[in-house]
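Worksheet for the structure shown next.
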Amino acid sequence: MPRGGLSEALISPLLDWYDGAGRDLPWRAQPTPYRVWVSEIMLQQTRVEAVRAYFERWMEALPTIEALSEADEAVCLKLWEGLGYYSRVRSLHKAAKIVCAQYGGALPADYEALLGLPGIGDYTAGAIASIAFGLPQPAVDGNVLRVAARLTADETPITDLKYKKLIARRLSDLIPHDRPGDFNQALMELGATVCLPNGAPACGVCPLRHLCAALEDGTASLLPKRAPKKPRRIEERTVLLVRAGALVGLSQRPETGLLAGLWELPALAGHLTPSEVRQALAARGWQVDNLFSLRPAKHIFTHVEWHMTGYYVELSGRPEELQFVTPAALRANYALPSAFRPFLSVIEEEI
Ligand code: SF4
């Protein structure tokens, strides 16, 4: 059983600190269920500073769950472009349709019912339930796990699901029923701004330092522990910026797997030389007028790394398997994953 400061003694110093030091974030201003939901989905795997502008733009374009449910998926993807992890926005869209069909357009004020919606797991259900509905449910994210591991000097890897469940249970017992949302946000905020990751906690300004077992032991910067990560798979690709006159050729990814269903720059497997590219395209019946190399690029996903060679390819004719669009339409209507951005820089002035 972990020792140290995961006890009732932390509630009041934590909330007092949060009242003074909590950041002024757009979704905190009016924590409606929809705003909390969208912000929490955007914040998964993404930094607060990156999310701000996306959140504001999203709320302006799709201010209600009903507006989201009626929007085209392409519009949602475009608003999400650059945030990554696109399955999040697809689930959000799907869930909005369900909320309109089953709950009259309002998120249910019920933890279990929230868990039944696409894209909403324990953490997000806890965040919405506590912040938007004032229900005493914990919301355990990576920040909270790090704070908990340090407060209790616990060396169990925080990547262990059992550890996460244990912390959720302990927080369920602790969470103050008069301010559950603030309590959850305060713990996350402490992790995000004071009890920082990568061995750099700012213990000198921490409101919980008098309770912290890791600080007492001198192990704060060594915690939390994590299970070793599996190395990422490396995929070599040859990415083609295909032009037919002023138009740009796009292809669509398969409906399942990485970046499912999204538009992309067409690609060939492996790192191909110019003559290999010409050969491969000739075999498809594409007529290459001109071809030159682009600067190579790398993109890191959670489990895969793309190591990409790039070519600018001018074609005569437009192969049917590609969708040709103007640079302006590409900018306005197509959500292209950020992995392809380095190759678009050569036509930056056009888009
Ligand atoms: Fe984290 Fe340091 Fe505060 Fe402990 S004292 S909770 S390690 S910032």
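Ligands are numbered from 1 in the order shown, chains are lettered A, B, ... in the order of the structure tokens, and residues start at 1 in each chain.
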**Study point:** Env. residues ligand 1 / 12 Å / only C-alpha atoms and all ligand atoms / as a ChimeraX atom specification
**Key:** /A:4-6,10,13-14,17,143-154,187-224
Write the residues you've just listed into a file as an mmCIF file, in the first residue's frame, and include C-alpha atoms for each of them.
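Result file is out_12.cif:
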```cif
data_model
loop_
_atom_site.group_PDB
_atom_site.id
_atom_site.type_symbol
_atom_site.label_atom_id
_atom_site.label_comp_id
_atom_site.auth_asym_id
_atom_site.auth_seq_id
_atom_site.Cartn_x
_atom_site.Cartn_y
_atom_site.Cartn_z
ATOM 1 C CA GLY A 4 2.533 9.447 2.101
ATOM 2 C CA GLY A 5 0.372 12.308 1.044
ATOM 3 C CA LEU A 6 -2.562 10.919 -0.879
ATOM 4 C CA LEU A 10 -4.029 17.535 0.636
ATOM 5 C CA PRO A 13 -3.852 23.290 0.374
ATOM 6 C CA LEU A 14 -4.420 21.953 -3.132
ATOM 7 C CA TRP A 17 -3.341 26.859 -4.460
ATOM 8 C CA ASN A 143 -0.425 14.290 -14.634
ATOM 9 C CA VAL A 144 -2.472 12.914 -11.757
ATOM 10 C CA LEU A 145 -0.616 9.594 -11.828
ATOM 11 C CA ARG A 146 2.724 11.378 -11.663
ATOM 12 C CA VAL A 147 1.650 13.533 -8.710
ATOM 13 C CA ALA A 148 0.219 10.483 -6.928
ATOM 14 C CA ALA A 149 3.357 8.386 -7.486
ATOM 15 C CA ARG A 150 5.546 11.154 -6.069
ATOM 16 C CA LEU A 151 3.288 12.041 -3.141
ATOM 17 C CA THR A 152 3.348 8.396 -2.083
ATOM 18 C CA ALA A 153 6.924 7.583 -3.243
ATOM 19 C CA ASP A 154 5.446 4.617 -5.071
ATOM 20 C CA LEU A 187 -4.456 17.839 -9.328
ATOM 21 C CA MET A 188 -4.002 17.895 -13.107
ATOM 22 C CA GLU A 189 -2.890 21.525 -12.973
ATOM 23 C CA LEU A 190 -0.337 20.742 -10.293
ATOM 24 C CA GLY A 191 1.071 17.997 -12.503
ATOM 25 C CA ALA A 192 1.089 20.231 -15.576
ATOM 26 C CA THR A 193 2.666 23.306 -13.994
ATOM 27 C CA VAL A 194 4.558 22.321 -10.803
ATOM 28 C CA CYS A 195 5.038 18.567 -10.410
ATOM 29 C CA LEU A 196 6.560 18.503 -13.880
ATOM 30 C CA PRO A 197 7.549 15.394 -15.820
ATOM 31 C CA ASN A 198 11.021 14.292 -16.913
ATOM 32 C CA GLY A 199 12.656 14.578 -13.535
ATOM 33 C CA ALA A 200 11.984 18.288 -13.094
ATOM 34 C CA PRO A 201 9.408 18.870 -10.329
ATOM 35 C CA ALA A 202 9.367 22.409 -8.906
ATOM 36 C CA CYS A 203 9.069 21.201 -5.301
ATOM 37 C CA GLY A 204 10.117 24.572 -3.884
ATOM 38 C CA VAL A 205 6.801 26.140 -4.923
ATOM 39 C CA CYS A 206 4.591 23.077 -4.434
ATOM 40 C CA PRO A 207 1.610 23.504 -2.096
ATOM 41 C CA LEU A 208 1.866 19.807 -1.127
ATOM 42 C CA ARG A 209 5.545 19.658 -0.308
ATOM 43 C CA HIS A 210 4.842 19.151 3.416
ATOM 44 C CA LEU A 211 2.962 15.934 2.482
ATOM 45 C CA CYS A 212 5.246 14.544 -0.204
ATOM 46 C CA ALA A 213 6.990 11.239 0.505
ATOM 47 C CA ALA A 214 9.220 11.420 -2.592
ATOM 48 C CA LEU A 215 10.465 14.875 -1.608
ATOM 49 C CA GLU A 216 11.223 13.563 1.868
ATOM 50 C CA ASP A 217 13.089 10.581 0.396
ATOM 51 C CA GLY A 218 14.929 12.691 -2.182
ATOM 52 C CA THR A 219 13.473 10.578 -5.003
ATOM 53 C CA ALA A 220 11.054 13.105 -6.563
ATOM 54 C CA SER A 221 13.086 13.483 -9.735
ATOM 55 C CA LEU A 222 13.403 9.686 -10.128
ATOM 56 C CA LEU A 223 9.655 9.073 -10.069
ATOM 57 C CA PRO A 224 7.347 8.051 -11.586
#
```
Sort by chain and increasing residue number a table of all residues of stretch 87-160 of chain A within 9 Å of stretch 30-34 of chain A, each with its closest pair of atoms and their distance in Å to one decimal, counting only C-alpha atoms, and write it as CSV.
```
residue,atom,partner,partner_atom,distance
A:Ala106,CA,A:Pro33,CA,8.1
A:Leu107,CA,A:Pro33,CA,6.6
A:Pro108,CA,A:Pro33,CA,9.0
A:Ala109,CA,A:Pro33,CA,8.7
A:Ile128,CA,A:Pro33,CA,6.3
A:Ala129,CA,A:Pro33,CA,8.3
A:Ile131,CA,A:Pro31,CA,6.9
A:Ala132,CA,A:Pro33,CA,4.9
A:Phe133,CA,A:Pro33,CA,7.4
```
Review point. Which parts of stretch 117-348 of chain A does DSSP call strand (DSSP E or B) when run on the backbone here, written out as an MDAnalysis selection string?
Key: chainID A and resid 233:244 247:252 263:264 267:269 287:300 304:316 323:325
Check your understanding: Restricting the calculation to only C-alpha atoms, which member of A:Val313, A:Ile65, A:Leu262, A:Val89 is positioned closest to A:Ile120?
Key ->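 With only C-alpha atoms as the atom set, the closest residue is A:Val89.
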Exercise for review: Would you kindly return, as a PyMOL selection string, each protein, DNA or RNA residue with an atom no farther than 12 Å from any atom of A:Glu320, considering only C-alpha atoms and excluding same-chain residues fewer than 2 positions away?
Suggested key: chain A and resi 249-251+284-286+317-318+322-324
Take the residues that were just selected and, keeping N, CA and C atoms, output them as an mmCIF file, in the first residue's frame.
```cif
data_model
loop_
_atom_site.group_PDB
_atom_site.id
_atom_site.type_symbol
_atom_site.label_atom_id
_atom_site.label_comp_id
_atom_site.auth_asym_id
_atom_site.auth_seq_id
_atom_site.Cartn_x
_atom_site.Cartn_y
_atom_site.Cartn_z
ATOM 1 N N GLY A 249 -2.245 16.265 -56.577
ATOM 2 C CA GLY A 249 -2.915 14.957 -56.511
ATOM 3 C C GLY A 249 -2.906 14.392 -55.099
ATOM 4 N N LEU A 250 -4.097 13.981 -54.643
ATOM 5 C CA LEU A 250 -4.214 13.385 -53.296
ATOM 6 C C LEU A 250 -4.758 11.973 -53.419
ATOM 7 N N SER A 251 -4.416 11.139 -52.463
ATOM 8 C CA SER A 251 -5.067 9.829 -52.403
ATOM 9 C C SER A 251 -5.661 9.673 -51.015
ATOM 10 N N ARG A 284 2.209 2.034 -63.424
ATOM 11 C CA ARG A 284 0.809 2.373 -63.145
ATOM 12 C C ARG A 284 0.165 3.113 -64.308
ATOM 13 N N GLY A 285 0.960 3.412 -65.321
ATOM 14 C CA GLY A 285 0.433 4.141 -66.471
ATOM 15 C C GLY A 285 0.457 5.651 -66.272
ATOM 16 N N TRP A 286 1.206 6.143 -65.293
ATOM 17 C CA TRP A 286 1.303 7.586 -65.086
ATOM 18 C C TRP A 286 2.436 8.129 -65.959
ATOM 19 N N GLY A 317 -1.503 14.561 -67.775
ATOM 20 C CA GLY A 317 -2.688 13.727 -67.528
ATOM 21 C C GLY A 317 -2.934 13.598 -66.039
ATOM 22 N N ARG A 318 -4.144 13.134 -65.702
ATOM 23 C CA ARG A 318 -4.527 12.993 -64.299
ATOM 24 C C ARG A 318 -4.986 11.574 -64.029
ATOM 25 N N LEU A 322 -6.223 9.226 -58.349
ATOM 26 C CA LEU A 322 -5.939 10.371 -57.481
ATOM 27 C C LEU A 322 -7.061 11.384 -57.565
ATOM 28 N N GLN A 323 -7.193 12.158 -56.507
ATOM 29 C CA GLN A 323 -8.136 13.271 -56.514
ATOM 30 C C GLN A 323 -7.302 14.528 -56.725
ATOM 31 N N PHE A 324 -7.570 15.258 -57.806
ATOM 32 C CA PHE A 324 -6.790 16.463 -58.076
ATOM 33 C C PHE A 324 -7.551 17.690 -57.587
#
```
**Study point:** For A:Tyr18: contacts at 8 Å, only C-alpha atoms, fewer than 3 positions along chain excluded, given as a VMD selection string
**Key:** chain A and resid 14 to 15 21 to 22 182 186 189
**Study point:** Pick from A:Pro63, A:Gly181, A:Gly270, A:Pro327, whichever lies nearest to A:Leu241 using only C-alpha atoms
**Key:**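 Of A:Pro63, A:Gly181, A:Gly270, A:Pro327, the one nearest A:Leu241 is A:Pro327, counting only C-alpha atoms.
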